[in-house]
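Here the structure is laid out as structure tokens; the discussion comes afterwards.
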Amino acid sequence: MYQSENLTDWVLLGEFNPQVQDFGFMWECPDFFELDGSPCFLFSPQGIEPTGDFYQNIYQTGYFLGTKFNYETLRLEHNGFHELDLGFDFYAAQTTIAPDGRRILIAWMGLPEIKYPSDQDGWAHCLTIPRELSVLEGQLIQRPITELTALRGAHVKHQDSQYGRVHLGNLLGTSYEVKIKLRVEEKTKFGLCLFEDPITNKGLYLEVDLNKGKFKVERKDCGIPFATEYGTSRQMKYNKKEISLYIFVDTTSAEIFVNDGLAVFTTRVFPEKQQSGIGLFVEKGLMEYELEGWKLNKMDIKSTEK
């Protein structure tokens, strides 16, 4: 670890000690900071074997959230490694401080050593939307920064209940922000389909299966397949009869914030032309839903340099 008071002159303090053994063969993109009074070490380890629902990508990104850090010995006391994002395509996250003190994170929406359909066109991945970090009950919470509301365009709002499946169609185009709340009474499977083909029902599925106690993101039927050797689904434990999803979609990407940022699934997809709608489904019983969304206008980036 190094220390500087002016970001030009640096002093070597010593070797950081997070007290872990045999945790991969390389750690990329380290970022150490304090947040809400807790020391946090954010990094991307390579060489972690899959365990249950975790560590399914070729390489991971996560953090140690410390309970104590000794600035003399550089020893970090923490509660173990946590994945920062449970989706398919998230890596090399870095943070910065906003003028008002918020800790803002941006990550690479892609993974090294994976072939993507866009490679043939000379494009290698993209970046996530900026996310504000906070600490809640021993874990990092991610939420989209409020400044993104400046991109909002045409607005839609729906509230209803349904049995079976409903096709909402292409409500918001190919770049949009949408908030969806779903509630059921039965122990069943329910959720929504992004990039939906209304004829085949194929798309990117976000589903709660109460019989299995899981929330799953499944992309096997969403356009051009890639990286299938690492699986086509990502999931986590979940057993509630309601769920809140805050989603940003931009042509070939979906960033899915579950229950106010308690979990996030970042995913690339390359859908077919006809896969552009939103669908809702429930296998048994009645499902209530609330949906509010906005088309996203193009971002205008202006330099402040003279």
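Chain labels A, B, ... are given in the sequence in which chains occur in the structure tokens; within each chain residues are numbered consecutively from 1, and ligands are likewise numbered from 1 in the order shown.
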Sel. of strand (DSSP E or B) residues, range 6-182 of chain A, as a PyMOL selection string: chain A and resi 11-12+17+26-35+38-46+51+54+59+62-70+75-83+91-97+103-109+126-127+131-136+139-144+152-169+175-182
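Residues in contact range of Asp85 in chain A, defined as at most 10 Å between only C-alpha atoms, with sequence neighbours fewer than 6 positions away removed, read Gln60, Thr61, Gly62, Tyr91, Gln142, Glu255, Ile256, Phe257, Ala263, Val264, Phe265, Thr266 and Thr267 of chain A.
If you count only C-alpha atoms and ignore residues fewer than 4 places along the chain from Asn17 in chain A, what sits within 9 Å of it is Thr73, Leu74, Arg75 and Leu76 of chain A.
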Restrict the selected residues to N, CA and C atoms and save them as a PDB file, in the first residue's frame.
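To be explicit, this is the file written out as part.pdb:
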```pdb
ATOM      1  N   THR A  73      -0.124  -1.872  10.895  1.00  0.00           N
ATOM      2  CA  THR A  73       0.223  -3.219  10.427  1.00  0.00           C
ATOM      3  C   THR A  73      -0.395  -3.541   9.071  1.00  0.00           C
ATOM      4  N   LEU A  74      -1.327  -2.697   8.581  1.00  0.00           N
ATOM      5  CA  LEU A  74      -2.055  -2.882   7.313  1.00  0.00           C
ATOM      6  C   LEU A  74      -2.879  -4.165   7.316  1.00  0.00           C
ATOM      7  N   ARG A  75      -3.313  -4.561   8.488  1.00  0.00           N
ATOM      8  CA  ARG A  75      -4.108  -5.777   8.646  1.00  0.00           C
ATOM      9  C   ARG A  75      -5.594  -5.434   8.657  1.00  0.00           C
ATOM     10  N   LEU A  76      -6.362  -6.166   7.809  1.00  0.00           N
ATOM     11  CA  LEU A  76      -7.801  -5.931   7.685  1.00  0.00           C
ATOM     12  C   LEU A  76      -8.573  -7.072   8.330  1.00  0.00           C
TER      13      LEU A  76
END
```
Which neighbours of Leu148 in chain A fall inside 9 Å, counting only C-alpha atoms, when residues of the same chain fewer than 3 positions from it are skipped, and could you give them as an NGL selection string? :A and (129-130 or 144-145 or 151-152)
Can you spit out the residues from that selection as a short mmCIF file (atom, residue, chain, number, x, y, z; two decimals), in the first residue's frame, using C-alpha atoms?
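Here's the written file result-v2.cif:
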```cif
data_model
loop_
_atom_site.label_atom_id
_atom_site.label_comp_id
_atom_site.auth_asym_id
_atom_site.auth_seq_id
_atom_site.Cartn_x
_atom_site.Cartn_y
_atom_site.Cartn_z
CA ILE A 129 -24.06 2.79 -15.44
CA PRO A 130 -22.58 4.68 -12.46
CA PRO A 144 -28.20 3.80 -9.86
CA ILE A 145 -27.05 7.38 -9.37
CA LEU A 151 -31.95 10.92 -19.46
CA ARG A 152 -35.65 10.11 -19.02
#
```
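With only C-alpha atoms as the atoms that count, the residue of A:Gln139, A:Thr8, A:Gln274, A:Thr252 with the shortest distance to Leu84 in chain A is A:Gln139.
Residues within 12 Å of Val20 in chain A, counting only C-alpha atoms and excluding same-chain residues fewer than 4 positions away, are Phe16, Gly24, Phe64, Arg75, Leu76, Glu77, His78, Asn79, Gly80 and Phe81 of chain A.
If only C-alpha atoms are the atoms counted, then among A:Leu35, A:Ile114, A:Ala93, A:Val156 the closest residue to Ala227 in chain A is A:Ile114.
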Quick one: everything within 10 Å of Thr188 in chain A, counting only C-alpha atoms, minus sequence neighbours fewer than 2 positions away in the same chain. Send it as a PyMOL selection string. chain A and resi 184-186+190+208-212+241+282-285
Generate the output file for the selected residues, C-alpha atoms, as a PDB file, in the first residue's frame.
```
ATOM      1  CA  VAL A 184     -48.274 -13.533  -5.812  1.00  0.00           C
ATOM      2  CA  GLU A 185     -50.285 -15.483  -3.242  1.00  0.00           C
ATOM      3  CA  GLU A 186     -49.484 -19.050  -4.351  1.00  0.00           C
ATOM      4  CA  PHE A 190     -43.428 -15.964 -11.559  1.00  0.00           C
ATOM      5  CA  VAL A 208     -38.737 -16.339  -8.891  1.00  0.00           C
ATOM      6  CA  ASP A 209     -39.300 -20.054  -8.250  1.00  0.00           C
ATOM      7  CA  LEU A 210     -40.794 -20.387  -4.764  1.00  0.00           C
ATOM      8  CA  ASN A 211     -40.697 -24.181  -4.934  1.00  0.00           C
ATOM      9  CA  LYS A 212     -36.915 -24.080  -5.377  1.00  0.00           C
ATOM     10  CA  LYS A 241     -43.842 -13.851  -2.692  1.00  0.00           C
ATOM     11  CA  VAL A 282     -47.113 -16.613 -13.418  1.00  0.00           C
ATOM     12  CA  GLU A 283     -47.489 -20.398 -13.487  1.00  0.00           C
ATOM     13  CA  LYS A 284     -50.264 -20.713 -10.888  1.00  0.00           C
ATOM     14  CA  GLY A 285     -52.688 -18.319  -9.294  1.00  0.00           C
TER      15      GLY A 285
END
```
Using only C-alpha atoms, the best pick from A:Leu140, A:Ala124, A:Leu13, A:Leu194 as closest to Leu171 in chain A would be A:Leu194
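You can rank A:Thr95, A:Gln3, A:Ser244, A:Thr251 by their closest distance to Val178 in chain A using only C-alpha atoms, and at the top of that list sits A:Ser244.
Each of A:Val249, A:Leu192, A:Leu42, A:Ile278 was compared to Lys295 in chain A using only C-alpha atoms, and A:Val249 turns out to be the nearest.
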